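Note: the block below is model-v1.cif and it holds mmCIF, C-alpha atoms and all ligand atoms.
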data_query
#
loop_
_atom_site.group_PDB
_atom_site.id
_atom_site.type_symbol
_atom_site.label_atom_id
_atom_site.label_comp_id
_atom_site.auth_asym_id
_atom_site.auth_seq_id
_atom_site.Cartn_x
_atom_site.Cartn_y
_atom_site.Cartn_z
ATOM 1 C CA MET W 1 35.474 0.951 218.896
ATOM 2 C CA LEU W 2 35.912 0.536 215.161
ATOM 3 C CA VAL W 3 33.000 1.923 213.119
ATOM 4 C CA ALA W 4 31.562 0.231 210.012
ATOM 5 C CA PRO W 5 28.708 2.283 208.520
ATOM 6 C CA SER W 6 26.199 0.128 206.611
ATOM 7 C CA ILE W 7 25.588 1.557 203.149
ATOM 8 C CA LEU W 8 22.105 -0.001 203.162
ATOM 9 C CA SER W 9 20.914 3.366 204.488
ATOM 10 C CA ALA W 10 22.897 5.413 201.934
ATOM 11 C CA ASP W 11 21.248 7.254 199.038
ATOM 12 C CA PHE W 12 21.630 4.679 196.241
ATOM 13 C CA GLY W 13 21.140 7.442 193.677
ATOM 14 C CA HIS W 14 24.408 8.919 194.969
ATOM 15 C CA LEU W 15 26.172 5.805 196.202
ATOM 16 C CA ALA W 16 29.759 6.792 195.308
ATOM 17 C CA ARG W 17 29.248 10.192 196.957
ATOM 18 C CA ASP W 18 27.924 8.595 200.167
ATOM 19 C CA VAL W 19 30.694 5.967 200.290
ATOM 20 C CA LYS W 20 33.300 8.721 199.908
ATOM 21 C CA ALA W 21 31.558 10.736 202.635
ATOM 22 C CA ILE W 22 31.775 7.968 205.270
ATOM 23 C CA CYS W 23 35.402 7.239 204.348
ATOM 24 C CA ASP W 24 36.331 10.942 204.564
ATOM 25 C CA ALA W 25 34.453 11.140 207.874
ATOM 26 C CA GLY W 26 36.808 8.552 209.399
ATOM 27 C CA CYS W 27 34.960 5.233 209.294
ATOM 28 C CA ASP W 28 37.124 2.111 209.687
ATOM 29 C CA LEU W 29 35.272 -0.286 207.372
ATOM 30 C CA VAL W 30 32.516 0.007 204.766
ATOM 31 C CA HIS W 31 29.772 -2.516 205.660
ATOM 32 C CA VAL W 32 28.009 -3.965 202.605
ATOM 33 C CA ASP W 33 24.762 -5.929 203.102
ATOM 34 C CA VAL W 34 24.161 -8.583 200.438
ATOM 35 C CA MET W 35 20.619 -10.063 200.544
ATOM 36 C CA ASP W 36 19.216 -12.658 198.144
ATOM 37 C CA GLY W 37 15.449 -12.530 198.764
ATOM 38 C CA HIS W 38 15.555 -16.131 200.095
ATOM 39 C CA PHE W 39 17.513 -16.216 203.355
ATOM 40 C CA VAL W 40 15.996 -12.817 204.190
ATOM 41 C CA PRO W 41 12.840 -11.186 202.779
ATOM 42 C CA ASN W 42 14.762 -8.426 201.008
ATOM 43 C CA LEU W 43 17.045 -8.099 198.010
ATOM 44 C CA THR W 44 20.005 -5.736 197.737
ATOM 45 C CA ILE W 45 23.095 -5.594 195.563
ATOM 46 C CA GLY W 46 25.383 -7.890 193.602
ATOM 47 C CA PRO W 47 29.019 -7.732 192.519
ATOM 48 C CA VAL W 48 28.472 -5.099 189.808
ATOM 49 C CA VAL W 49 27.311 -2.518 192.352
ATOM 50 C CA VAL W 50 29.735 -3.673 195.064
ATOM 51 C CA GLU W 51 32.563 -3.178 192.540
ATOM 52 C CA ALA W 52 31.465 0.467 192.234
ATOM 53 C CA VAL W 53 31.409 0.740 196.050
ATOM 54 C CA ALA W 54 34.949 -0.679 196.229
ATOM 55 C CA LYS W 55 36.102 1.881 193.650
ATOM 56 C CA ALA W 56 34.685 4.799 195.652
ATOM 57 C CA ALA W 57 35.863 3.497 199.036
ATOM 58 C CA THR W 58 39.182 4.420 200.627
ATOM 59 C CA LYS W 59 38.510 2.016 203.526
ATOM 60 C CA PRO W 60 38.324 -1.805 203.424
ATOM 61 C CA LEU W 61 35.028 -3.549 202.668
ATOM 62 C CA ASP W 62 33.165 -5.703 205.202
ATOM 63 C CA ILE W 63 30.749 -7.839 203.155
ATOM 64 C CA HIS W 64 27.821 -9.296 205.138
ATOM 65 C CA LEU W 65 26.167 -12.150 203.230
ATOM 66 C CA MET W 66 22.498 -12.803 204.057
ATOM 67 C CA VAL W 67 21.984 -15.517 201.454
ATOM 68 C CA GLU W 68 21.318 -19.163 200.771
ATOM 69 C CA ASN W 69 24.191 -20.926 199.008
ATOM 70 C CA ASN W 70 27.040 -19.105 200.741
ATOM 71 C CA THR W 71 29.814 -20.734 198.705
ATOM 72 C CA PHE W 72 28.386 -19.408 195.444
ATOM 73 C CA PHE W 73 28.305 -15.860 196.844
ATOM 74 C CA VAL W 74 31.806 -16.101 198.336
ATOM 75 C CA ASP W 75 33.124 -16.975 194.867
ATOM 76 C CA LEU W 76 31.098 -14.117 193.359
ATOM 77 C CA PHE W 77 32.490 -11.430 195.711
ATOM 78 C CA ALA W 78 36.051 -12.720 196.275
ATOM 79 C CA PRO W 79 37.481 -10.958 193.156
ATOM 80 C CA ILE W 80 36.516 -7.593 194.729
ATOM 81 C CA ASN W 81 39.069 -8.335 197.507
ATOM 82 C CA PRO W 82 37.046 -7.332 200.576
ATOM 83 C CA GLU W 83 38.823 -7.318 203.937
ATOM 84 C CA PHE W 84 36.072 -9.450 205.543
ATOM 85 C CA ILE W 85 33.333 -11.750 204.269
ATOM 86 C CA SER W 86 30.731 -12.924 206.782
ATOM 87 C CA PHE W 87 28.148 -15.677 206.402
ATOM 88 C CA HIS W 88 25.270 -16.793 208.645
ATOM 89 C CA ILE W 89 25.838 -19.974 210.650
ATOM 90 C CA GLU W 90 22.091 -20.723 210.428
ATOM 91 C CA GLU W 91 22.446 -21.200 206.660
ATOM 92 C CA GLU W 92 25.650 -23.236 206.462
ATOM 93 C CA LYS W 93 26.039 -27.012 206.844
ATOM 94 C CA HIS W 94 29.853 -26.870 206.740
ATOM 95 C CA PRO W 95 30.958 -23.609 208.358
ATOM 96 C CA HIS W 96 34.464 -24.858 209.147
ATOM 97 C CA ARG W 97 35.091 -25.754 205.513
ATOM 98 C CA LEU W 98 33.724 -22.417 204.267
ATOM 99 C CA ILE W 99 35.914 -20.492 206.732
ATOM 100 C CA GLN W 100 38.971 -22.277 205.338
ATOM 101 C CA LYS W 101 37.876 -21.495 201.795
ATOM 102 C CA ILE W 102 37.435 -17.768 202.566
ATOM 103 C CA ARG W 103 40.880 -17.623 204.193
ATOM 104 C CA ALA W 104 42.478 -19.439 201.251
ATOM 105 C CA LEU W 105 41.075 -16.675 199.034
ATOM 106 C CA GLY W 106 43.045 -14.137 201.109
ATOM 107 C CA ILE W 107 39.918 -12.757 202.837
ATOM 108 C CA ARG W 108 39.327 -12.597 206.595
ATOM 109 C CA PRO W 109 36.469 -14.987 207.565
ATOM 110 C CA VAL W 110 33.576 -13.947 209.805
ATOM 111 C CA VAL W 111 30.565 -15.946 211.060
ATOM 112 C CA VAL W 112 27.246 -14.184 211.775
ATOM 113 C CA LEU W 113 24.728 -15.173 214.461
ATOM 114 C CA ASN W 114 21.038 -14.259 214.308
ATOM 115 C CA PRO W 115 19.443 -12.909 217.510
ATOM 116 C CA HIS W 116 18.249 -16.380 218.616
ATOM 117 C CA THR W 117 21.502 -18.241 217.911
ATOM 118 C CA ARG W 118 23.574 -19.284 220.903
ATOM 119 C CA PRO W 119 27.160 -17.985 221.128
ATOM 120 C CA GLU W 120 28.244 -21.601 221.810
ATOM 121 C CA SER W 121 27.423 -22.387 218.161
ATOM 122 C CA VAL W 122 30.745 -20.794 217.150
ATOM 123 C CA GLU W 123 32.820 -22.036 220.105
ATOM 124 C CA PHE W 124 34.736 -24.641 218.106
ATOM 125 C CA LEU W 125 35.222 -22.287 215.155
ATOM 126 C CA LEU W 126 36.793 -19.426 217.102
ATOM 127 C CA GLU W 127 40.367 -20.503 216.460
ATOM 128 C CA GLU W 128 39.716 -20.193 212.712
ATOM 129 C CA LEU W 129 37.888 -16.853 212.797
ATOM 130 C CA ASP W 130 38.998 -13.215 212.637
ATOM 131 C CA MET W 131 35.613 -11.901 213.785
ATOM 132 C CA VAL W 132 32.146 -12.964 214.956
ATOM 133 C CA LEU W 133 29.214 -10.754 213.944
ATOM 134 C CA LEU W 134 26.277 -10.698 216.357
ATOM 135 C CA MET W 135 22.986 -9.495 214.887
ATOM 136 C CA SER W 136 21.157 -7.095 217.199
ATOM 137 C CA VAL W 137 18.109 -7.048 214.865
ATOM 138 C CA ASN W 138 16.619 -9.682 212.578
ATOM 139 C CA PRO W 139 18.566 -9.460 209.327
ATOM 140 C CA GLY W 140 16.908 -7.972 206.258
ATOM 141 C CA PHE W 141 16.237 -4.297 206.891
ATOM 142 C CA GLY W 142 17.832 -1.133 208.206
ATOM 143 C CA GLY W 143 16.195 1.084 210.806
ATOM 144 C CA GLN W 144 14.978 -1.612 213.222
ATOM 145 C CA THR W 145 15.056 -1.488 217.019
ATOM 146 C CA PHE W 146 18.113 -2.814 218.883
ATOM 147 C CA ILE W 147 17.547 -6.174 220.681
ATOM 148 C CA PRO W 148 19.226 -5.761 224.106
ATOM 149 C CA SER W 149 19.939 -9.484 224.729
ATOM 150 C CA VAL W 150 22.921 -9.100 222.370
ATOM 151 C CA ILE W 151 24.780 -7.474 225.280
ATOM 152 C CA GLU W 152 24.692 -10.665 227.356
ATOM 153 C CA LYS W 153 25.558 -12.692 224.254
ATOM 154 C CA ALA W 154 28.601 -10.494 223.558
ATOM 155 C CA LYS W 155 29.818 -10.934 227.137
ATOM 156 C CA ARG W 156 29.534 -14.727 226.921
ATOM 157 C CA LEU W 157 31.238 -14.750 223.538
ATOM 158 C CA LYS W 158 34.051 -12.534 224.860
ATOM 159 C CA GLU W 159 34.824 -15.087 227.587
ATOM 160 C CA MET W 160 35.069 -17.875 224.993
ATOM 161 C CA ILE W 161 37.216 -15.681 222.741
ATOM 162 C CA GLN W 162 39.628 -14.857 225.558
ATOM 163 C CA LYS W 163 40.103 -18.565 226.168
ATOM 164 C CA ARG W 164 40.352 -19.754 222.563
ATOM 165 C CA ASN W 165 41.492 -16.886 220.288
ATOM 166 C CA PRO W 166 41.936 -13.434 221.893
ATOM 167 C CA LYS W 167 42.649 -11.860 218.484
ATOM 168 C CA CYS W 168 39.113 -12.637 217.243
ATOM 169 C CA LEU W 169 36.962 -9.480 217.094
ATOM 170 C CA ILE W 170 33.292 -9.078 218.014
ATOM 171 C CA GLU W 171 31.097 -6.992 215.696
ATOM 172 C CA VAL W 172 27.481 -5.981 216.373
ATOM 173 C CA ASP W 173 24.971 -5.062 213.635
ATOM 174 C CA GLY W 174 21.505 -3.536 213.933
ATOM 175 C CA GLY W 175 19.976 -0.590 215.753
ATOM 176 C CA VAL W 176 23.346 0.661 216.979
ATOM 177 C CA ASN W 177 23.409 4.317 218.059
ATOM 178 C CA ASP W 178 25.101 6.725 220.467
ATOM 179 C CA GLN W 179 22.882 5.453 223.325
ATOM 180 C CA ASN W 180 23.645 1.697 223.250
ATOM 181 C CA ILE W 181 27.291 2.030 222.100
ATOM 182 C CA HIS W 182 28.599 2.339 225.681
ATOM 183 C CA ALA W 183 26.979 -0.917 226.828
ATOM 184 C CA LEU W 184 28.355 -2.620 223.704
ATOM 185 C CA LYS W 185 31.835 -1.352 224.481
ATOM 186 C CA ALA W 186 31.570 -2.549 228.085
ATOM 187 C CA ALA W 187 30.461 -5.992 226.847
ATOM 188 C CA GLY W 188 33.672 -6.339 224.804
ATOM 189 C CA VAL W 189 32.413 -5.404 221.329
ATOM 190 C CA ASP W 190 35.182 -4.203 218.958
ATOM 191 C CA VAL W 191 33.315 -3.167 215.785
ATOM 192 C CA ALA W 192 30.000 -1.306 215.528
ATOM 193 C CA VAL W 193 27.917 -1.467 212.338
ATOM 194 C CA ALA W 194 25.485 1.442 212.014
ATOM 195 C CA GLY W 195 23.295 2.270 209.041
ATOM 196 C CA SER W 196 20.363 4.553 209.750
ATOM 197 C CA TYR W 197 22.062 6.237 212.738
ATOM 198 C CA VAL W 198 24.988 7.391 210.555
ATOM 199 C CA PHE W 199 23.134 8.242 207.335
ATOM 200 C CA LYS W 200 20.127 9.944 208.949
ATOM 201 C CA HIS W 201 22.341 12.097 211.183
ATOM 202 C CA ALA W 202 22.665 15.743 210.160
ATOM 203 C CA ASP W 203 26.462 15.451 210.498
ATOM 204 C CA ILE W 204 27.960 12.120 209.309
ATOM 205 C CA LYS W 205 31.370 12.879 210.830
ATOM 206 C CA ALA W 206 29.856 13.678 214.230
ATOM 207 C CA ALA W 207 27.760 10.488 214.059
ATOM 208 C CA ILE W 208 30.824 8.310 213.367
ATOM 209 C CA GLU W 209 32.841 10.066 216.068
ATOM 210 C CA SER W 210 30.046 9.529 218.626
ATOM 211 C CA LEU W 211 30.417 5.755 218.109
ATOM 212 C CA LYS W 212 34.203 5.742 218.601
ATOM 213 C CA VAL W 213 34.000 5.151 222.334
HETATM 214 C C1 LIG Q 301 20.371 -5.623 208.557
HETATM 215 C C2 LIG Q 301 21.752 -5.259 208.103
HETATM 216 C C3 LIG Q 301 22.344 -4.086 208.783
HETATM 217 C C4 LIG Q 301 21.571 -2.807 208.633
HETATM 218 C C5 LIG Q 301 21.802 -2.026 209.879
HETATM 219 O O1 LIG Q 301 20.044 -6.833 207.985
HETATM 220 O O2 LIG Q 301 22.645 -6.339 208.320
HETATM 221 O O3 LIG Q 301 23.716 -3.905 208.428
HETATM 222 O O4 LIG Q 301 21.942 -2.039 207.532
HETATM 223 O O5 LIG Q 301 21.008 -0.895 209.827
HETATM 224 P P1 LIG Q 301 20.651 -0.074 211.138
HETATM 225 O O6 LIG Q 301 21.935 0.416 211.730
HETATM 226 O O7 LIG Q 301 19.773 1.016 210.612
HETATM 227 O O8 LIG Q 301 19.931 -1.015 212.060
HETATM 228 ZN ZN ZN Q 302 24.832 -6.000 208.042
#
For the structure just supplied, provide its representation as structure tokens.
Ligand code: DX5
Ligand code: ZN
Amino acid sequence: MLVAPSILSADFGHLARDVKAICDAGCDLVHVDVMDGHFVPNLTIGPVVVEAVAKAATKPLDIHLMVENNTFFVDLFAPINPEFISFHIEEEKHPHRLIQKIRALGIRPVVVLNPHTRPESVEFLLEELDMVLLMSVNPGFGGQTFIPSVIEKAKRLKEMIQKRNPKCLIEVDGGVNDQNIHALKAAGVDVAVAGSYVFKHADIKAAIESLKV
């Protein structure tokens, strides 16, 4: 399992310190939650702050857009050169076109599915994608309770991925901890996002290691 701590639960008064801490502790990606106050009822950070995160990070960035007007935000964050940019399928009329645009910018494209969204909604995009992100909480806030139906969704998605693009990864985001990580692994999940579990743990390194199952 690759581990992508979400900096939403970091101490924003000491953001560079916390980003360095997760990178030194062996995380694989730095997960950055971008919220616009419209698609989700919360507002986070823009390119000025994400630039500072990129400077402090020694691991690649995984930018999770929770916004209206995805194309505008892709253009805003592309100069920071993240490894991945993800956008919600629920908020995009032309996902196939946006995937091609992200790839043309030299960034790996990812589509995100809310808890209610069927895995079949990405079936005919899989060949174009490097990863699918399944939300295991409703997007907008850290510290929420894991929604277990994501396990069945990951299994169904894995079957489609094996048929259409075995290189495509599955990422899960929300309420992930050392208890549900084993079921996620068994369901075929490749990347675990964890915010509050990592940052509220007394030992960040031990928390990250406990997710590397
Ligand atoms: C929620 C965000 C998550 C969040 C996860 O909208 O996408 O990345 O930070 O936080 P935890 O792990 O605390 O559920
Ligand atoms: Zn996220």
>> Report as a VMD selection string all protein, DNA and RNA residues lying within 8 Å of segment 84-94 of chain W, evaluated on only C-alpha atoms, omitting residues in the same chain fewer than 3 positions from it.
In response: chain W and resid 39 61 to 70 74 97 to 98 102 107 to 114 117 133
Residues within 7 Å of ligand ZN 302 (chain Q) should be enumerated using only C-alpha atoms and all ligand atoms and returned as an mmCIF file with C-alpha atoms, keeping the file's coordinate frame.
data_model
loop_
_atom_site.group_PDB
_atom_site.id
_atom_site.type_symbol
_atom_site.label_atom_id
_atom_site.label_comp_id
_atom_site.auth_asym_id
_atom_site.auth_seq_id
_atom_site.Cartn_x
_atom_site.Cartn_y
_atom_site.Cartn_z
ATOM 1 C CA SER W 6 26.199 0.128 206.611
ATOM 2 C CA HIS W 31 29.772 -2.516 205.660
ATOM 3 C CA VAL W 32 28.009 -3.965 202.605
ATOM 4 C CA ASP W 33 24.762 -5.929 203.102
ATOM 5 C CA HIS W 64 27.821 -9.296 205.138
ATOM 6 C CA ASP W 173 24.971 -5.062 213.635
ATOM 7 C CA VAL W 193 27.917 -1.467 212.338
#
>> Report, in Å with one decimal, the straight-line distance from atom CA of Thr44 of chain W to atom CA of Phe72 of chain W.
In response: 16.2 Å
> From the list W:Glu123, W:Asp36, W:Glu152, W:Asp130, which residue is nearest ligand LIG 301 (chain Q) when using all atoms listed in the file?
Replying inline: W:Asp36
> When the PyMOL selection byres (((not hetatm)) within 10 of (chain Q and resi 301)) is applied to the file above, which residues end up in the set, as a ChimeraX atom specification?
Replying inline: /W:4-10,31-35,40-42,63-66,112,114,133-146,172-177,192-200
> Could you state the separation of atom CA of Leu126 of chain W and atom CA of Gln100 of chain W in Å, given to one decimal place?
Replying inline: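 If I compute the distance from atom CA of Leu126 of chain W to atom CA of Gln100 of chain W, I get 12.3 Å.
Between atom CA of Leu157 of chain W and atom CA of Ile170 of chain W the separation is 8.2 Å.
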Going by the chain IDs and residue numbers used in this file, which residues fall under the PyMOL selection byres (((chain W and resi 2) around 9) and not hetatm)? Write them as a PDB file with C-alpha atoms, keeping the file's coordinate frame.
ATOM      1  CA  MET W   1      35.474   0.951 218.896  1.00  0.00           C
ATOM      2  CA  VAL W   3      33.000   1.923 213.119  1.00  0.00           C
ATOM      3  CA  ALA W   4      31.562   0.231 210.012  1.00  0.00           C
ATOM      4  CA  CYS W  27      34.960   5.233 209.294  1.00  0.00           C
ATOM      5  CA  ASP W  28      37.124   2.111 209.687  1.00  0.00           C
ATOM      6  CA  LEU W  29      35.272  -0.286 207.372  1.00  0.00           C
ATOM      7  CA  GLU W 171      31.097  -6.992 215.696  1.00  0.00           C
ATOM      8  CA  ASP W 190      35.182  -4.203 218.958  1.00  0.00           C
ATOM      9  CA  VAL W 191      33.315  -3.167 215.785  1.00  0.00           C
ATOM     10  CA  ALA W 192      30.000  -1.306 215.528  1.00  0.00           C
ATOM     11  CA  VAL W 193      27.917  -1.467 212.338  1.00  0.00           C
ATOM     12  CA  LEU W 211      30.417   5.755 218.109  1.00  0.00           C
ATOM     13  CA  LYS W 212      34.203   5.742 218.601  1.00  0.00           C
ATOM     14  CA  VAL W 213      34.000   5.151 222.334  1.00  0.00           C
TER      15      VAL W 213
END
>> As a check of understanding, name the residues that the PyMOL selection byres (((chain W and resi 156) around 12) and not hetatm) selects in the supplied structure, as number ranges by chain.
In response: W: 118-123, 134, 149-155, 157-163, 170, 187-189
> Which is closer to Glu209 of chain W than all the others in W:Ile181, W:Val30, W:Ala104, W:Val48, using all atoms listed in the file?
Replying inline: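 The closest residue to Glu209 of chain W is W:Ile181.
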> Which one of W:Met131, W:Ile147, W:Cys168, W:Val53 sits closest to Asn180 of chain W if you count only C-alpha atoms?
Replying inline: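 Among W:Met131, W:Ile147, W:Cys168, W:Val53, it is W:Ile147 that comes nearest to Asn180 of chain W.
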>> Measuring between only C-alpha atoms, which one of W:Pro60, W:Lys55, W:Ala206, W:His96 shows the shortest distance to Ala25 of chain W?
In response: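 For Ala25 of chain W, the nearest of the given residues is W:Ala206.
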> Around (26.2, -12.6, 190.7) in the file's frame, which residues reach within 6 Å when counting all atoms listed in the file? Return as a ChimeraX atom specification?
Replying inline: /W:46-47,76
